[in-house]
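**Q** Structure in structure tokens, see below.
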Amino acid sequence: MSGASTAEREGGAETARASPTPARRSAAAVLTWLLPFALVIYLALRGGGYDSVVRDEVGTVLWLALLVGAFIGLLPATRLTRASWIALGLLAGFAAWTALSAIWSDSPERSIDSFVLVATYLAAFALVLLTQGRQGLERILGGVAAAIAVIAVLAVLSRLHPQWFPTNPVVDILPHIRSRLSYPLNSWNGLGGFLAMGVPLLLAVALDARNRMSQIAATAVLPVVAVGIFFTLSRGGAIAALASVALFIALRSRRMRALPVIVLAAAGSGLAIGIAAQFRDLDRGLSTSLAHQEGAVMAGVLVGICVAVGLLRVLLLRAEPRGQLDRLEISPMVTKRALAVAALLLVVGALVAAGTGRLSNAWEDFKAPPGPGTASSRLQDTSGNGRYQYWESTVDEMQTAPFLGTGAGTFQYWWALHGTIFGFTAYAHSLYFETLGETGIVGGVLIVAFVGFILFIAIRRTTSATGRRRRGWLAGAAGSAAAFAITMALDWGWHVPVIPVAFFLIAGALLQSDDANPTQPDVTRTRRRLRIRERWPERIAIVCLALPVIAVTTASAVGQRLIEASQADARANNLDSALDHARDAARFMPWAAFPHQQQALVLEEQGNYEEANSEIHLAIDKAPVNWEPYYVLASIYKASGNLPAARTEYQVAKAHNPRSSIFLDHPHRKTPP
């Protein structure tokens, strides 16, 4: 008896030590909210993470977290659901195919750069899946929603009070797009899609957060988000926002209870947009004194609207009739019939538009090369602004190698050579079309299957969820996922990492929130965690995968830093240091062409034409479809006095990019400037 009692006491003490204390649980909850918030904020404020150095550094940190967590036994911290395994397999397969495309790519440098991008997304996705259980849904979605709200406030303030913010580099390069809000992502369509992803999340917080202050704040900030989307003049962002809200309303339960809040947020947003549209100089993004006055007035108006919306939300919380609206709830059968009627009306409307010629006219406008206007009237324009030509070109690109494509990241070179309209573009303005052209049918199927699977699981989990609050959060995640899918279809937001990272955080929490795996008691959960920590195959797999990826991402980040240092030294006329940095970059990135091109430029400045010729030929060998090395080679030949060779290489460069303004501005030039 004494021995048994001692054993029981020891077992009880062990369980007490293993069970998390309330303080630890609270700290874990805060971290689960704070880490997604901080990651999204950091990427957004660093130009959306578009800079390759920023992206590579973030990817390295995420993969290091996976490596260390698996090595010391913290990961995996939970069992993956079946849906999580499928989604992880699809994304990992896409990353592997992207990496393999470097073998047959027209530019291995661009393909490996694309792989590093996808690997960063894979790390963010895997971290969420391996660390978050069923209870992480609200915290992760709340963190991402709060981050998007903060960015929306900063973005709108940058338009209302531009003197408070640094000069926008996008406007310096493209002054004609001054009217389009792009800070801090430096991409107007990307910012529009990013803010659209936040709308259903903020609605979920406004309706289903456990903290009333969170509900009030989320409701009050929605007009700011709407004004931000309006100032971007992004038609894709507006479409994504409307579609995400429609899906959110369709999926959540007790819609009548949610209706007053949704109407309140919509009314405040509509009023704010209507007033903002009246300020002409502000609408055009001008820097005149009148625009500054309009910005100050609009700031006061927007604060007033947000305060009014917040106060009305307080009144709704206090005066919410208990049970009265529930009697007005629409049954699932009536909802399905209403959706069927709405779909029928859309079909009838489309047929009427087709019969009157409006649909065909809109399609012709979409196909037309000229871009739309730059003021708020742009939102009513149906021009594709070149998208039809980009997408058509990706289909032609795919047909050259249907299953393999031309290699990840190579659309820029394909378009330079085969484009049908004037103008530079690095991306096809659609993730799905661009992937199809660059990585063939295999890559296209993988990425479409991945995004489609996330949407399918989101809708299925939402419709089968138990509990009003939980269903509301899942509906917010589904709406945000839909906004992401639409944004990816219409623009190049895949290359603005903050947008996909936010999506992968949401998707990971969504996939792990399986109602079939309810929360277990503390003792059972503790024992289950101990068993998970002994899952050596998964831990070994993470370590084996993380090590080579970290090597590539670190090499890429260091190499890019060295290139930047070389360019800075060259501008300062410190040519010896510039050459050393370029050579070091070539050692870190042996697959890349640009370090050799940088060396050639520095050597040309030093008058070492023979070695410069050798280095630029190495760049040509690594990227034979890129026009820039041929142009540099022509310059080297001209500087060395070999004018016939300079003319030849100049024509080769022009043949690789015949519609570039570099060549069109000087149609009779025989040698480079």
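Order determines the names: the first chain of the structure tokens is A, the second B, and so forth; residues in each chain are numbered 1 upward, and ligands are numbered 1 upward as they are shown.
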Could you please write out, as number ranges by chain, every residue of region 365-603 of chain A that DSSP assigns to alpha helix (DSSP H)?

**A** A: 365-367, 387-400, 411-418, 431-464, 468-490, 498-512, 522-533, 536-571, 575-588, 594-603

**Q** Compile the contact shell of Leu490 (chain A) as a list in words: residues with an atom at most 7 Å away, counting only C-alpha atoms, same-chain residues fewer than 5 positions apart removed.

**A**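 Those residues are Gly236, His429 and Ser430 of chain A.
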
**Q** Please dump the current selection as a PDB file, in the first residue's frame; keep N, CA and C atoms.

**A**
ATOM      1  N   GLY A 236      -8.963  44.602 -58.982  1.00  0.00           N
ATOM      2  CA  GLY A 236      -8.848  43.259 -58.431  1.00  0.00           C
ATOM      3  C   GLY A 236      -9.047  43.242 -56.928  1.00  0.00           C
ATOM      4  N   HIS A 429       1.252  38.697 -64.292  1.00  0.00           N
ATOM      5  CA  HIS A 429       0.066  39.244 -63.631  1.00  0.00           C
ATOM      6  C   HIS A 429      -1.008  38.179 -63.395  1.00  0.00           C
ATOM      7  N   SER A 430      -0.579  36.969 -63.159  1.00  0.00           N
ATOM      8  CA  SER A 430      -1.471  35.880 -62.738  1.00  0.00           C
ATOM      9  C   SER A 430      -0.589  34.720 -62.312  1.00  0.00           C
TER      10      SER A 430
END

**Q** Mind checking which residues fall within 10 Å of region 432-447 of chain A, counting only C-alpha atoms, ignoring those fewer than 6 positions away in the same chain, and posting them as an MDAnalysis selection string?

**A** chainID A and resid 89:98 100:101 105:106 111 390:411 414 453 485 488:492

**Q** With C-alpha atoms retained, export the selected residues as a short mmCIF file (atom, residue, chain, number, x, y, z; two decimals), in the first residue's frame.

**A**
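The resulting file, selection11.cif, is shown below:
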data_model
loop_
_atom_site.label_atom_id
_atom_site.label_comp_id
_atom_site.auth_asym_id
_atom_site.auth_seq_id
_atom_site.Cartn_x
_atom_site.Cartn_y
_atom_site.Cartn_z
CA GLY A 89 2.56 17.49 -49.89
CA LEU A 90 1.14 19.63 -52.71
CA LEU A 91 3.16 22.70 -51.71
CA ALA A 92 6.34 20.68 -51.13
CA GLY A 93 5.83 19.03 -54.53
CA PHE A 94 5.49 22.45 -56.15
CA ALA A 95 8.68 23.65 -54.41
CA ALA A 96 10.55 20.53 -55.57
CA TRP A 97 9.32 20.96 -59.16
CA THR A 98 10.36 24.62 -59.07
CA LEU A 100 14.07 20.85 -60.60
CA SER A 101 13.14 23.32 -63.33
CA SER A 105 15.62 26.39 -67.37
CA ASP A 106 16.53 29.18 -69.76
CA SER A 111 14.66 29.40 -61.31
CA TYR A 390 0.48 38.48 -70.83
CA TRP A 391 -1.77 35.49 -70.28
CA GLU A 392 -1.89 34.67 -73.96
CA SER A 393 1.90 34.78 -74.04
CA THR A 394 2.17 32.31 -71.13
CA VAL A 395 0.06 29.83 -73.09
CA ASP A 396 2.45 30.16 -76.02
CA GLU A 397 5.36 29.74 -73.59
CA MET A 398 3.83 26.56 -72.20
CA GLN A 399 3.28 25.11 -75.66
CA THR A 400 7.03 25.15 -76.32
CA ALA A 401 7.47 22.59 -73.51
CA PRO A 402 4.01 21.51 -72.28
CA PHE A 403 5.07 19.44 -69.27
CA LEU A 404 8.31 21.17 -68.25
CA GLY A 405 7.89 24.81 -69.22
CA THR A 406 10.80 27.17 -69.84
CA GLY A 407 11.88 27.18 -66.19
CA ALA A 408 10.58 28.95 -63.10
CA GLY A 409 11.09 32.71 -63.17
CA THR A 410 11.79 32.98 -66.90
CA PHE A 411 8.62 34.74 -68.11
CA TRP A 414 10.12 35.10 -72.73
CA PHE A 453 -7.72 22.38 -51.91
CA ALA A 485 -7.12 33.16 -54.70
CA MET A 488 -3.34 35.59 -57.36
CA ALA A 489 -5.47 35.16 -60.48
CA LEU A 490 -5.37 38.84 -61.41
CA ASP A 491 -1.94 40.14 -60.43
CA TRP A 492 1.63 39.35 -59.42
#

**Q** Quick one: distance from CA of Thr463 (chain A) to CA of Ala250 (chain A) in Å, one decimal?

**A**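 If I compute the distance from CA of Thr463 (chain A) to CA of Ala250 (chain A), I get 9.8 Å.
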
**Q** I'd like to know which of A:Ala426, A:Leu154, A:Val128, A:Val501 is closest to Val221 (chain A), using only C-alpha atoms.

**A**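 Of the candidates, the smallest distance to Val221 (chain A) is held by A:Leu154.
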
**Q** Taking only C-alpha atoms into account, which of A:Val297, A:Leu505, A:Val116, A:Ala226 comes nearest Gly268 (chain A)?

**A** A:Ala226

**Q** Find the spatial neighbours of His581 (chain A), counting only C-alpha atoms, within a cut-off of 12 Å - ignore same-chain residues fewer than 4 positions away - and output them as a PDB file with N, CA and C atoms, in the first residue's frame.

**A**
ATOM      1  N   VAL A 558      23.440  36.124 -48.762  1.00  0.00           N
ATOM      2  CA  VAL A 558      24.792  36.688 -48.678  1.00  0.00           C
ATOM      3  C   VAL A 558      25.240  37.185 -50.046  1.00  0.00           C
ATOM      4  N   GLY A 559      24.957  36.405 -51.087  1.00  0.00           N
ATOM      5  CA  GLY A 559      25.342  36.816 -52.432  1.00  0.00           C
ATOM      6  C   GLY A 559      24.678  38.119 -52.847  1.00  0.00           C
ATOM      7  N   GLN A 560      23.390  38.266 -52.533  1.00  0.00           N
ATOM      8  CA  GLN A 560      22.695  39.505 -52.875  1.00  0.00           C
ATOM      9  C   GLN A 560      23.261  40.688 -52.100  1.00  0.00           C
ATOM     10  N   ARG A 561      23.610  40.467 -50.837  1.00  0.00           N
ATOM     11  CA  ARG A 561      24.230  41.535 -50.054  1.00  0.00           C
ATOM     12  C   ARG A 561      25.563  41.962 -50.667  1.00  0.00           C
ATOM     13  N   LEU A 562      26.335  41.002 -51.128  1.00  0.00           N
ATOM     14  CA  LEU A 562      27.627  41.306 -51.735  1.00  0.00           C
ATOM     15  C   LEU A 562      27.450  42.066 -53.048  1.00  0.00           C
ATOM     16  N   ILE A 563      26.442  41.701 -53.819  1.00  0.00           N
ATOM     17  CA  ILE A 563      26.160  42.439 -55.058  1.00  0.00           C
ATOM     18  C   ILE A 563      25.816  43.890 -54.746  1.00  0.00           C
ATOM     19  N   GLU A 564      24.972  44.102 -53.735  1.00  0.00           N
ATOM     20  CA  GLU A 564      24.617  45.463 -53.351  1.00  0.00           C
ATOM     21  C   GLU A 564      25.852  46.242 -52.899  1.00  0.00           C
ATOM     22  N   ALA A 565      26.732  45.567 -52.146  1.00  0.00           N
ATOM     23  CA  ALA A 565      27.968  46.231 -51.704  1.00  0.00           C
ATOM     24  C   ALA A 565      28.859  46.573 -52.891  1.00  0.00           C
ATOM     25  N   SER A 566      28.925  45.672 -53.863  1.00  0.00           N
ATOM     26  CA  SER A 566      29.722  45.924 -55.057  1.00  0.00           C
ATOM     27  C   SER A 566      29.188  47.117 -55.840  1.00  0.00           C
ATOM     28  N   GLN A 567      27.872  47.197 -55.992  1.00  0.00           N
ATOM     29  CA  GLN A 567      27.279  48.313 -56.723  1.00  0.00           C
ATOM     30  C   GLN A 567      27.503  49.628 -55.990  1.00  0.00           C
ATOM     31  N   ALA A 568      27.408  49.594 -54.653  1.00  0.00           N
ATOM     32  CA  ALA A 568      27.653  50.814 -53.878  1.00  0.00           C
ATOM     33  C   ALA A 568      29.112  51.260 -54.014  1.00  0.00           C
ATOM     34  N   ASP A 569      30.031  50.313 -53.974  1.00  0.00           N
ATOM     35  CA  ASP A 569      31.451  50.656 -54.138  1.00  0.00           C
ATOM     36  C   ASP A 569      31.723  51.210 -55.537  1.00  0.00           C
ATOM     37  N   ALA A 570      31.071  50.628 -56.543  1.00  0.00           N
ATOM     38  CA  ALA A 570      31.277  51.109 -57.909  1.00  0.00           C
ATOM     39  C   ALA A 570      30.780  52.544 -58.064  1.00  0.00           C
ATOM     40  N   ASN A 574      35.114  53.113 -55.927  1.00  0.00           N
ATOM     41  CA  ASN A 574      36.031  52.230 -55.216  1.00  0.00           C
ATOM     42  C   ASN A 574      36.024  50.885 -55.951  1.00  0.00           C
ATOM     43  N   LEU A 575      36.699  50.850 -57.100  1.00  0.00           N
ATOM     44  CA  LEU A 575      36.540  49.740 -58.034  1.00  0.00           C
ATOM     45  C   LEU A 575      37.184  48.444 -57.535  1.00  0.00           C
ATOM     46  N   ASP A 576      38.285  48.521 -56.837  1.00  0.00           N
ATOM     47  CA  ASP A 576      38.927  47.296 -56.344  1.00  0.00           C
ATOM     48  C   ASP A 576      38.018  46.568 -55.357  1.00  0.00           C
ATOM     49  N   SER A 577      37.426  47.314 -54.442  1.00  0.00           N
ATOM     50  CA  SER A 577      36.504  46.709 -53.479  1.00  0.00           C
ATOM     51  C   SER A 577      35.246  46.199 -54.184  1.00  0.00           C
ATOM     52  N   ALA A 585      30.476  37.290 -54.411  1.00  0.00           N
ATOM     53  CA  ALA A 585      29.087  36.946 -54.720  1.00  0.00           C
ATOM     54  C   ALA A 585      29.017  35.763 -55.680  1.00  0.00           C
ATOM     55  N   ALA A 586      29.913  35.715 -56.653  1.00  0.00           N
ATOM     56  CA  ALA A 586      29.944  34.594 -57.592  1.00  0.00           C
ATOM     57  C   ALA A 586      30.284  33.289 -56.884  1.00  0.00           C
ATOM     58  N   ARG A 587      31.094  33.354 -55.842  1.00  0.00           N
ATOM     59  CA  ARG A 587      31.430  32.138 -55.094  1.00  0.00           C
ATOM     60  C   ARG A 587      30.234  31.650 -54.284  1.00  0.00           C
ATOM     61  N   PHE A 588      29.479  32.579 -53.724  1.00  0.00           N
ATOM     62  CA  PHE A 588      28.316  32.185 -52.942  1.00  0.00           C
ATOM     63  C   PHE A 588      27.175  31.701 -53.827  1.00  0.00           C
ATOM     64  N   PRO A 595      26.409  38.031 -60.872  1.00  0.00           N
ATOM     65  CA  PRO A 595      27.727  38.380 -60.315  1.00  0.00           C
ATOM     66  C   PRO A 595      28.811  38.498 -61.381  1.00  0.00           C
ATOM     67  N   HIS A 596      28.756  37.654 -62.409  1.00  0.00           N
ATOM     68  CA  HIS A 596      29.745  37.757 -63.492  1.00  0.00           C
ATOM     69  C   HIS A 596      29.502  39.014 -64.318  1.00  0.00           C
ATOM     70  N   GLN A 598      28.272  41.793 -63.121  1.00  0.00           N
ATOM     71  CA  GLN A 598      28.769  42.886 -62.292  1.00  0.00           C
ATOM     72  C   GLN A 598      30.289  42.978 -62.362  1.00  0.00           C
ATOM     73  N   GLN A 599      30.962  41.837 -62.336  1.00  0.00           N
ATOM     74  CA  GLN A 599      32.414  41.843 -62.472  1.00  0.00           C
ATOM     75  C   GLN A 599      32.832  42.448 -63.810  1.00  0.00           C
ATOM     76  N   VAL A 602      32.600  46.232 -63.712  1.00  0.00           N
ATOM     77  CA  VAL A 602      33.682  46.846 -62.941  1.00  0.00           C
ATOM     78  C   VAL A 602      35.002  46.762 -63.704  1.00  0.00           C
TER      79      VAL A 602
END
